[in-house]
Number of protein chains: 2
Amino acid sequence: MKSKPRFFVAALCAVVLSSARARGQSDPLPSWNDGAAKKAIVEFVQTTTTQGSPKFVPPEERVATFDQDGTLWVEHPVYSQLVYCFDRVPALVKAKPELANVEPFKTVMSGGHEAIARLTMPDLEKIAVATLTGMSVEQFKADVSKWTAAARDPRWKRPYTELTYQPMQEVMKYLRANGYKTYIVTGGGQDFVRTYAEQVYGVPPEQVVGTAGATKYGYDKSGKPFLTKVAKMVLNDNGPGKAEGIYLMIGRRPHAAFGNTAGDQQMLEYTGAGDGARLMMLVLHDDAKREYAYGPAAGLPDTKVGTFSQALYDEAKKKGWTVISMKDDWNQIFAFEK
Amino acid sequence: MKSKPRFFVAALCAVVLSSARARGQSDPLPSWNDGAAKKAIVEFVQTTTTQGSPKFVPPEERVATFDQDGTLWVEHPVYSQLVYCFDRVPALVKAKPELANVEPFKTVMSGGHEAIARLTMPDLEKIAVATLTGMSVEQFKADVSKWTAAARDPRWKRPYTELTYQPMQEVMKYLRANGYKTYIVTGGGQDFVRTYAEQVYGVPPEQVVGTAGATKYGYDKSGKPFLTKVAKMVLNDNGPGKAEGIYLMIGRRPHAAFGNTAGDQQMLEYTGAGDGARLMMLVLHDDAKREYAYGPAAGLPDTKVGTFSQALYDEAKKKGWTVISMKDDWNQIFAFEK
């Protein structure tokens, strides 16, 4: 027994010291350059989590929401979920050969890039309905997981799941380390993103809010119940739908929200309309070399995806939202760069 | 420094001992009589949370879902949310005097019990739409909170929120103490239940799944955004809708589910269709003296609410679900009884 007290004191000292180191000395955001954006994040976390601070936020109310496409990972030149839908078409046509001569499936099967680029929104909706509904939720999850493991982004030749922004991963971890629940609030498919969000972002399925279709309860031949994905929209989680989706799925107003396009505007407005400390941030894609530059705020013509319009930029400035410049604020974009 | 090591050892011993006492000696379910139901709960918790157990469930997958009305609190003779809707009618008619001569509001305002009892389902729907939609979500929350504080159950002369079942509160606490996330999955209004669930059950708003209407994003005169409750159903969280709602809002299959009527059947089936240890339980209202007795399984005619049908009872027996007898399994019903 004699040596044990000494051991406990030593262990306790080690714990205290390492915790002090973690708090005071290590940088929770090493991929961020010093500047207004990094400062805004650190100050928000410190003022909302320091007991006695006038802007202290109780742990249960610490909610931070993140758009995914263009905010947490690459969305350019096309959303990866849309790539998934296109990649599913051959299997779909194999299962239903009659579709081979029906548009828009015929065009997709032709492989002609120009014709595919001309597909209209109703065409894309038909493809989405055909590839995202009609199967059991388990089958869907298995299909997505298989695709996620095999698919490669054409520019970086890596799985899409490696194209997440290291600085945003650090923000999520930093917030979680300070008692914040991090949610993904995406215009993408809720159950699509749920298949990989825990592994890729450390965000469990119940903290992924996204565009969601209905399911239908039924039984297989053995009497075992299962859910089938059906073509009926439950939540269009984009624009105003993001604020509505947050109310529906979380029931609390976020204290911090991160986006990058007009589809995130209402989420940031809704977050900012609450009392006390609130953090609203927009990722500006202005780094053509390391990632992409698009949107008028980057001095470039607007594109279909990532519509960071001049109007949104002006609203950000007017409301005091912080714009994150990929070029200036991030010293590293992807984890694989080091 | 000399006396400190001794102090730490003593403190450590105290912690170890009190934790052993908590584990081994105190009963986490004191309101439960010994019997099959209590045994099923304790065995489920022990086998799913003991490292190395073949039925061990990883912490992130520990999800338990609870119906509310009739499972966590009294639903007889009428759901409290319906009482809320009726209680709102006078204020509604005051704001819109033209409704005073329009059915079903005229009947409600007459106060005639027999006429009110004859209201049809479409009548009740009109009342629900009129009293649950059209206001901002903040206004709704304020109205419900005010009502919850003031309303009294006519039999016990107590707030409805005191009419929760003490044994079920113990089950929720016991599960949470063992790493389970407890969710309410109710046919009642999601945002109605969210107003009090944290205080009454220790269940935060984001863990309440219920029947949900849409909201609409807009701006007030000063440009501040707000959400208005609108008369459009997003989730009918009853029967098959409970399994669908769990997939939508949680995205994980529960390991334990508790209900009391046919409206919970699919939630229990869906829970039971998963691998490994699963716990499915039904509360049987067979205690006319201390609470109520209803449903054919209690040897009494079926009623509008709490339809614990003979078919459900038979399915429970066939599938090995555990039926909880209020009369035999619970030595205490309400916290205020002691």
# chains A, B, ... in the order shown; residues from 1 in each chain; ligands from 1
call {"tool": "select_by_dssp", "arguments": {"residues": "stretch 154-336 of chain B", "states": "alpha helix (DSSP H)", "output": "ChimeraX atom specification"}}
result
/B:166-177,190-194,197-201,240-249,265-272,310-319,326-329
call {"tool": "write_last_selection", "arguments": {"atoms": "N, CA and C atoms", "output": "compact mmCIF listing (two decimals), in the first residue's frame"}}
result
# COMPACT_ATOMS: atom_id res chain seq x y z
N GLN B 166 -44.70 6.41 -12.19
CA GLN B 166 -43.42 6.34 -11.50
C GLN B 166 -42.58 5.14 -11.96
N PRO B 167 -43.19 3.95 -12.14
CA PRO B 167 -42.37 2.80 -12.60
C PRO B 167 -41.73 3.04 -13.97
N MET B 168 -42.43 3.74 -14.85
CA MET B 168 -41.86 4.00 -16.17
C MET B 168 -40.77 5.08 -16.10
N GLN B 169 -40.97 6.05 -15.22
CA GLN B 169 -39.90 7.03 -15.00
C GLN B 169 -38.63 6.31 -14.54
N GLU B 170 -38.82 5.30 -13.68
CA GLU B 170 -37.65 4.55 -13.20
C GLU B 170 -36.98 3.78 -14.34
N VAL B 171 -37.79 3.21 -15.23
CA VAL B 171 -37.22 2.47 -16.36
C VAL B 171 -36.41 3.42 -17.25
N MET B 172 -36.96 4.60 -17.51
CA MET B 172 -36.23 5.57 -18.35
C MET B 172 -34.89 5.96 -17.70
N LYS B 173 -34.95 6.24 -16.40
CA LYS B 173 -33.71 6.63 -15.70
C LYS B 173 -32.70 5.49 -15.68
N TYR B 174 -33.21 4.29 -15.46
CA TYR B 174 -32.34 3.10 -15.40
C TYR B 174 -31.66 2.89 -16.76
N LEU B 175 -32.42 3.02 -17.83
CA LEU B 175 -31.85 2.87 -19.17
C LEU B 175 -30.82 3.97 -19.44
N ARG B 176 -31.15 5.21 -19.08
CA ARG B 176 -30.21 6.31 -19.32
C ARG B 176 -28.92 6.12 -18.51
N ALA B 177 -29.08 5.64 -17.27
CA ALA B 177 -27.90 5.41 -16.44
C ALA B 177 -27.01 4.33 -17.05
N GLN B 190 -45.86 16.43 -31.79
CA GLN B 190 -44.44 16.47 -31.46
C GLN B 190 -44.09 17.75 -30.71
N ASP B 191 -44.52 18.88 -31.21
CA ASP B 191 -44.10 20.12 -30.53
C ASP B 191 -44.92 20.39 -29.28
N PHE B 192 -46.08 19.78 -29.16
CA PHE B 192 -46.83 19.83 -27.90
C PHE B 192 -46.02 19.13 -26.80
N VAL B 193 -45.63 17.91 -27.07
CA VAL B 193 -44.92 17.10 -26.06
C VAL B 193 -43.54 17.69 -25.76
N ARG B 194 -42.90 18.26 -26.80
CA ARG B 194 -41.57 18.84 -26.58
C ARG B 194 -41.56 19.99 -25.58
N ALA B 197 -41.39 17.81 -22.17
CA ALA B 197 -40.76 16.48 -22.04
C ALA B 197 -39.45 16.51 -21.26
N GLU B 198 -38.70 17.58 -21.42
CA GLU B 198 -37.41 17.63 -20.72
C GLU B 198 -37.64 17.73 -19.22
N GLN B 199 -38.56 18.60 -18.84
CA GLN B 199 -38.82 18.79 -17.42
C GLN B 199 -39.53 17.58 -16.80
N VAL B 200 -40.46 17.00 -17.53
CA VAL B 200 -41.30 15.94 -16.97
C VAL B 200 -40.64 14.56 -17.06
N TYR B 201 -39.95 14.29 -18.15
CA TYR B 201 -39.38 12.95 -18.36
C TYR B 201 -37.85 12.94 -18.45
N PRO B 240 -48.18 2.18 -38.22
CA PRO B 240 -47.00 2.06 -39.09
C PRO B 240 -46.16 3.34 -39.08
N GLY B 241 -46.84 4.48 -38.88
CA GLY B 241 -46.13 5.77 -38.84
C GLY B 241 -45.10 5.85 -37.74
N LYS B 242 -45.22 5.04 -36.69
CA LYS B 242 -44.20 5.09 -35.63
C LYS B 242 -42.89 4.48 -36.11
N ALA B 243 -42.97 3.38 -36.86
CA ALA B 243 -41.74 2.80 -37.41
C ALA B 243 -41.15 3.76 -38.45
N GLU B 244 -42.02 4.33 -39.28
CA GLU B 244 -41.56 5.29 -40.29
C GLU B 244 -40.95 6.53 -39.64
N GLY B 245 -41.59 7.00 -38.56
CA GLY B 245 -41.09 8.18 -37.85
C GLY B 245 -39.74 7.92 -37.18
N ILE B 246 -39.55 6.72 -36.67
CA ILE B 246 -38.27 6.36 -36.05
C ILE B 246 -37.16 6.38 -37.11
N TYR B 247 -37.46 5.85 -38.28
CA TYR B 247 -36.46 5.87 -39.37
C TYR B 247 -36.15 7.32 -39.77
N LEU B 248 -37.21 8.13 -39.87
CA LEU B 248 -37.04 9.53 -40.29
C LEU B 248 -36.26 10.35 -39.27
N MET B 249 -36.63 10.21 -38.01
CA MET B 249 -36.13 11.15 -37.01
C MET B 249 -34.91 10.63 -36.25
N GLN B 265 -48.09 -1.16 -32.08
CA GLN B 265 -47.78 -2.51 -32.56
C GLN B 265 -46.59 -2.53 -33.52
N GLN B 266 -46.63 -1.66 -34.53
CA GLN B 266 -45.56 -1.68 -35.54
C GLN B 266 -44.22 -1.22 -34.96
N MET B 267 -44.26 -0.32 -34.01
CA MET B 267 -43.00 0.10 -33.36
C MET B 267 -42.36 -1.10 -32.66
N LEU B 268 -43.19 -1.90 -31.99
CA LEU B 268 -42.65 -3.07 -31.30
C LEU B 268 -42.21 -4.15 -32.30
N GLU B 269 -42.98 -4.34 -33.36
CA GLU B 269 -42.58 -5.30 -34.40
C GLU B 269 -41.25 -4.91 -35.02
N TYR B 270 -41.14 -3.62 -35.35
CA TYR B 270 -39.92 -3.11 -36.00
C TYR B 270 -38.72 -3.27 -35.08
N THR B 271 -38.93 -3.00 -33.81
CA THR B 271 -37.87 -3.18 -32.82
C THR B 271 -37.47 -4.65 -32.74
N GLY B 272 -38.46 -5.51 -32.67
CA GLY B 272 -38.21 -6.94 -32.52
C GLY B 272 -37.59 -7.59 -33.75
N GLN B 310 -57.59 -7.62 -28.17
CA GLN B 310 -57.26 -9.03 -27.98
C GLN B 310 -56.22 -9.47 -29.01
N ALA B 311 -56.34 -8.94 -30.25
CA ALA B 311 -55.38 -9.30 -31.31
C ALA B 311 -53.96 -8.89 -30.92
N LEU B 312 -53.84 -7.71 -30.31
CA LEU B 312 -52.52 -7.24 -29.89
C LEU B 312 -51.99 -8.11 -28.75
N TYR B 313 -52.89 -8.45 -27.84
CA TYR B 313 -52.51 -9.31 -26.72
C TYR B 313 -52.01 -10.66 -27.24
N ASP B 314 -52.72 -11.20 -28.24
CA ASP B 314 -52.32 -12.48 -28.83
C ASP B 314 -50.96 -12.37 -29.52
N GLU B 315 -50.75 -11.24 -30.24
CA GLU B 315 -49.47 -11.06 -30.92
C GLU B 315 -48.34 -10.97 -29.89
N ALA B 316 -48.60 -10.27 -28.81
CA ALA B 316 -47.59 -10.14 -27.76
C ALA B 316 -47.17 -11.51 -27.24
N LYS B 317 -48.17 -12.36 -26.98
CA LYS B 317 -47.87 -13.70 -26.45
C LYS B 317 -47.08 -14.51 -27.47
N LYS B 318 -47.51 -14.41 -28.73
CA LYS B 318 -46.88 -15.18 -29.80
C LYS B 318 -45.43 -14.75 -30.02
N LYS B 319 -45.17 -13.47 -29.92
CA LYS B 319 -43.84 -12.94 -30.24
C LYS B 319 -42.94 -12.82 -29.00
N MET B 326 -50.38 -3.40 -14.69
CA MET B 326 -50.29 -2.30 -13.73
C MET B 326 -50.63 -2.79 -12.32
N LYS B 327 -51.61 -3.67 -12.28
CA LYS B 327 -52.11 -4.15 -10.99
C LYS B 327 -51.05 -5.00 -10.27
N ASP B 328 -50.47 -5.93 -11.02
CA ASP B 328 -49.55 -6.88 -10.38
C ASP B 328 -48.09 -6.45 -10.37
N ASP B 329 -47.67 -5.73 -11.42
CA ASP B 329 -46.24 -5.43 -11.54
C ASP B 329 -45.81 -4.14 -10.86
call {"tool": "interface_residues", "arguments": {"of": "chain B", "to": "chain A", "cutoff": "7 Å", "atoms": "only C-alpha atoms", "output": "list in words"}}
result
Pro5, Arg6, Val9, Pro205, Glu206, Thr215, Lys216, Tyr217, Lys224, Pro225, Val234, Pro240, Glu244, Met249, Ile250, Gly251, Glu269, Tyr270 and Ala273 of chain B
call {"tool": "write_last_selection", "arguments": {"atoms": "all heavy atoms", "output": "short mmCIF file (atom, residue, chain, number, x, y, z; two decimals), in the first residue's frame"}}
result
data_model
loop_
_atom_site.label_atom_id
_atom_site.label_comp_id
_atom_site.auth_asym_id
_atom_site.auth_seq_id
_atom_site.Cartn_x
_atom_site.Cartn_y
_atom_site.Cartn_z
N PRO B 5 -1.96 12.62 0.00
CA PRO B 5 -2.13 11.28 -0.60
C PRO B 5 -3.17 10.46 0.15
O PRO B 5 -4.02 9.82 -0.46
CB PRO B 5 -0.73 10.67 -0.46
CG PRO B 5 0.19 11.85 -0.45
CD PRO B 5 -0.57 12.94 0.26
N ARG B 6 -3.13 10.52 1.48
CA ARG B 6 -4.10 9.77 2.27
C ARG B 6 -5.53 10.20 1.91
O ARG B 6 -6.42 9.39 1.75
CB ARG B 6 -3.84 10.03 3.76
CG ARG B 6 -4.43 8.95 4.65
CD ARG B 6 -3.89 9.10 6.05
NE ARG B 6 -2.42 9.03 6.04
CZ ARG B 6 -1.71 8.60 7.07
NH1 ARG B 6 -2.31 8.21 8.18
NH2 ARG B 6 -0.42 8.57 7.01
N VAL B 9 -6.60 8.69 -1.43
CA VAL B 9 -6.94 7.27 -1.34
C VAL B 9 -8.32 7.11 -0.71
O VAL B 9 -9.16 6.36 -1.19
CB VAL B 9 -5.87 6.50 -0.52
CG1 VAL B 9 -6.32 5.07 -0.29
CG2 VAL B 9 -4.53 6.54 -1.24
N PRO B 205 -35.95 17.94 -26.29
CA PRO B 205 -36.82 18.07 -27.46
C PRO B 205 -36.37 17.24 -28.66
O PRO B 205 -37.21 16.67 -29.37
CB PRO B 205 -36.77 19.58 -27.79
CG PRO B 205 -35.85 20.21 -26.82
CD PRO B 205 -35.54 19.24 -25.74
N GLU B 206 -35.06 17.17 -28.89
CA GLU B 206 -34.57 16.45 -30.07
C GLU B 206 -34.78 14.94 -29.94
O GLU B 206 -34.55 14.20 -30.89
CB GLU B 206 -33.10 16.79 -30.35
CG GLU B 206 -32.12 16.38 -29.26
CD GLU B 206 -31.89 17.47 -28.20
OE1 GLU B 206 -32.80 18.30 -28.00
OE2 GLU B 206 -30.82 17.47 -27.56
N THR B 215 -44.22 23.61 -40.89
CA THR B 215 -44.15 25.02 -40.53
C THR B 215 -43.78 25.80 -41.79
O THR B 215 -43.31 25.22 -42.76
CB THR B 215 -43.07 25.28 -39.45
OG1 THR B 215 -41.82 24.80 -39.91
CG2 THR B 215 -43.44 24.61 -38.14
N LYS B 216 -44.02 27.09 -41.74
CA LYS B 216 -43.68 27.93 -42.90
C LYS B 216 -42.81 29.09 -42.43
O LYS B 216 -43.15 29.80 -41.49
CB LYS B 216 -44.96 28.46 -43.55
CG LYS B 216 -44.70 29.13 -44.89
CD LYS B 216 -45.96 29.35 -45.69
CE LYS B 216 -45.70 30.31 -46.84
NZ LYS B 216 -44.47 30.02 -47.60
N TYR B 217 -41.69 29.23 -43.11
CA TYR B 217 -40.71 30.27 -42.78
C TYR B 217 -41.17 31.62 -43.34
O TYR B 217 -41.64 31.69 -44.47
CB TYR B 217 -39.38 29.88 -43.41
CG TYR B 217 -38.20 30.75 -43.04
CD1 TYR B 217 -37.48 30.50 -41.88
CD2 TYR B 217 -37.80 31.78 -43.86
CE1 TYR B 217 -36.38 31.27 -41.54
CE2 TYR B 217 -36.69 32.56 -43.53
CZ TYR B 217 -35.99 32.30 -42.37
OH TYR B 217 -34.90 33.06 -42.05
N LYS B 224 -37.45 40.21 -38.94
CA LYS B 224 -37.00 39.06 -38.13
C LYS B 224 -37.72 37.79 -38.61
O LYS B 224 -38.94 37.78 -38.74
CB LYS B 224 -37.32 39.34 -36.66
CG LYS B 224 -36.71 38.31 -35.72
CD LYS B 224 -37.03 38.63 -34.26
CE LYS B 224 -36.70 37.44 -33.38
NZ LYS B 224 -36.91 37.68 -31.97
N PRO B 225 -36.98 36.73 -38.86
CA PRO B 225 -37.62 35.51 -39.36
C PRO B 225 -38.34 34.74 -38.25
O PRO B 225 -37.93 34.77 -37.10
CB PRO B 225 -36.44 34.69 -39.89
CG PRO B 225 -35.27 35.13 -39.09
CD PRO B 225 -35.51 36.57 -38.74
N VAL B 234 -46.88 16.39 -41.75
CA VAL B 234 -45.57 15.90 -42.20
C VAL B 234 -45.39 14.45 -41.77
O VAL B 234 -44.89 13.62 -42.50
CB VAL B 234 -44.43 16.78 -41.62
CG1 VAL B 234 -43.08 16.15 -41.89
CG2 VAL B 234 -44.50 18.18 -42.20
N PRO B 240 -48.18 2.18 -38.22
CA PRO B 240 -47.00 2.06 -39.09
C PRO B 240 -46.16 3.34 -39.08
O PRO B 240 -44.94 3.30 -39.23
CB PRO B 240 -47.60 1.84 -40.48
CG PRO B 240 -49.02 1.46 -40.27
CD PRO B 240 -49.44 1.96 -38.93
N GLU B 244 -42.02 4.33 -39.28
CA GLU B 244 -41.56 5.29 -40.29
C GLU B 244 -40.95 6.53 -39.64
O GLU B 244 -39.94 7.05 -40.08
CB GLU B 244 -42.73 5.67 -41.21
CG GLU B 244 -43.24 4.48 -42.03
CD GLU B 244 -44.69 4.66 -42.56
OE1 GLU B 244 -45.23 5.78 -42.45
OE2 GLU B 244 -45.25 3.66 -43.04
N MET B 249 -36.63 10.21 -38.01
CA MET B 249 -36.13 11.15 -37.01
C MET B 249 -34.91 10.63 -36.25
O MET B 249 -34.15 11.42 -35.71
CB MET B 249 -37.24 11.48 -36.01
CG MET B 249 -38.53 11.96 -36.66
SD MET B 249 -38.51 13.68 -37.21
CE MET B 249 -38.54 14.50 -35.63
N ILE B 250 -34.76 9.32 -36.16
CA ILE B 250 -33.64 8.76 -35.41
C ILE B 250 -32.65 8.07 -36.36
O ILE B 250 -31.45 8.22 -36.23
CB ILE B 250 -34.12 7.76 -34.33
CG1 ILE B 250 -35.26 8.35 -33.48
CG2 ILE B 250 -32.96 7.32 -33.45
CD1 ILE B 250 -35.88 7.41 -32.47
N GLY B 251 -33.20 7.31 -37.30
CA GLY B 251 -32.32 6.63 -38.25
C GLY B 251 -31.64 5.40 -37.69
O GLY B 251 -30.68 4.89 -38.26
N GLU B 269 -42.98 -4.34 -33.36
CA GLU B 269 -42.58 -5.30 -34.40
C GLU B 269 -41.25 -4.91 -35.02
O GLU B 269 -40.35 -5.74 -35.21
CB GLU B 269 -43.63 -5.34 -35.52
CG GLU B 269 -44.93 -6.00 -35.17
CD GLU B 269 -45.98 -5.87 -36.28
OE1 GLU B 269 -45.73 -5.15 -37.28
OE2 GLU B 269 -47.06 -6.46 -36.13
N TYR B 270 -41.14 -3.62 -35.35
CA TYR B 270 -39.92 -3.11 -36.00
C TYR B 270 -38.72 -3.27 -35.08
O TYR B 270 -37.63 -3.66 -35.50
CB TYR B 270 -40.15 -1.64 -36.37
CG TYR B 270 -39.02 -0.99 -37.12
CD1 TYR B 270 -38.69 -1.40 -38.41
CD2 TYR B 270 -38.29 0.07 -36.56
CE1 TYR B 270 -37.66 -0.78 -39.12
CE2 TYR B 270 -37.27 0.69 -37.27
CZ TYR B 270 -36.96 0.26 -38.53
OH TYR B 270 -35.94 0.87 -39.22
N ALA B 273 -37.70 -6.94 -34.91
CA ALA B 273 -37.17 -7.53 -36.15
C ALA B 273 -35.66 -7.34 -36.26
O ALA B 273 -35.04 -7.87 -37.19
CB ALA B 273 -37.87 -6.91 -37.37
#
call {"tool": "closest_residue", "arguments": {"among": "B:Asp275, B:Asp286, B:Asp264, B:Glu291", "to": "B:Asp67", "atoms": "only C-alpha atoms"}}
result
B:Asp264
call {"tool": "residues_around", "arguments": {"residues": "A:Tyr160", "least_positions_apart": "5", "cutoff": "9 Å", "atoms": "only C-alpha atoms", "output": "ChimeraX atom specification"}}
result
/A:73-74,80,148-149,151-153
call {"tool": "closest_residue", "arguments": {"among": "A:Trp32, A:Phe86, A:Phe66, A:Tyr165", "to": "A:Arg290", "atoms": "only C-alpha atoms"}}
result
A:Tyr165
call {"tool": "residues_around", "arguments": {"residues": "B:Met109", "least_positions_apart": "4", "cutoff": "8 Å", "atoms": "only C-alpha atoms", "output": "list in words"}}
result
Val89, Pro90, Ala100 and Phe105 of chain B
call {"tool": "atom_distance", "arguments": {"atom1": "atom CA of B:Ser309", "atom2": "atom CA of B:Glu114"}}
result
26.3 Å
call {"tool": "decode", "arguments": {"residues": "stretch 195-225 of chain A", "atoms": "C-alpha atoms", "output": "PDB file, in the first residue's frame"}}
result
ATOM      1  CA  THR A 195     -24.787   6.098 -44.262  1.00  0.00           C
ATOM      2  CA  TYR A 196     -21.326   7.667 -43.876  1.00  0.00           C
ATOM      3  CA  ALA A 197     -21.704  10.731 -41.589  1.00  0.00           C
ATOM      4  CA  GLU A 198     -20.650   8.963 -38.402  1.00  0.00           C
ATOM      5  CA  GLN A 199     -17.482   7.561 -39.943  1.00  0.00           C
ATOM      6  CA  VAL A 200     -16.599  10.634 -41.996  1.00  0.00           C
ATOM      7  CA  TYR A 201     -17.621  13.482 -39.687  1.00  0.00           C
ATOM      8  CA  GLY A 202     -18.237  11.867 -36.309  1.00  0.00           C
ATOM      9  CA  VAL A 203     -21.897  12.858 -36.679  1.00  0.00           C
ATOM     10  CA  PRO A 204     -24.333  10.077 -35.727  1.00  0.00           C
ATOM     11  CA  PRO A 205     -27.387   9.390 -37.928  1.00  0.00           C
ATOM     12  CA  GLU A 206     -29.800  11.020 -35.490  1.00  0.00           C
ATOM     13  CA  GLN A 207     -27.878  14.280 -35.953  1.00  0.00           C
ATOM     14  CA  VAL A 208     -28.204  14.331 -39.736  1.00  0.00           C
ATOM     15  CA  VAL A 209     -31.126  16.404 -41.025  1.00  0.00           C
ATOM     16  CA  GLY A 210     -31.623  16.354 -44.776  1.00  0.00           C
ATOM     17  CA  THR A 211     -34.032  16.229 -47.626  1.00  0.00           C
ATOM     18  CA  ALA A 212     -36.179  13.237 -46.774  1.00  0.00           C
ATOM     19  CA  GLY A 213     -38.672  11.102 -48.590  1.00  0.00           C
ATOM     20  CA  ALA A 214     -41.359   9.037 -46.964  1.00  0.00           C
ATOM     21  CA  THR A 215     -41.080   5.329 -46.239  1.00  0.00           C
ATOM     22  CA  LYS A 216     -43.821   2.725 -46.199  1.00  0.00           C
ATOM     23  CA  TYR A 217     -44.108   0.010 -43.570  1.00  0.00           C
ATOM     24  CA  GLY A 218     -44.819  -3.495 -44.802  1.00  0.00           C
ATOM     25  CA  TYR A 219     -44.007  -7.184 -44.305  1.00  0.00           C
ATOM     26  CA  ASP A 220     -41.970  -9.654 -46.334  1.00  0.00           C
ATOM     27  CA  LYS A 221     -43.145 -13.217 -47.101  1.00  0.00           C
ATOM     28  CA  SER A 222     -41.922 -14.486 -43.739  1.00  0.00           C
ATOM     29  CA  GLY A 223     -43.887 -11.771 -41.942  1.00  0.00           C
ATOM     30  CA  LYS A 224     -40.806  -9.730 -41.065  1.00  0.00           C
ATOM     31  CA  PRO A 225     -41.510  -5.994 -41.199  1.00  0.00           C
TER      32      PRO A 225
END
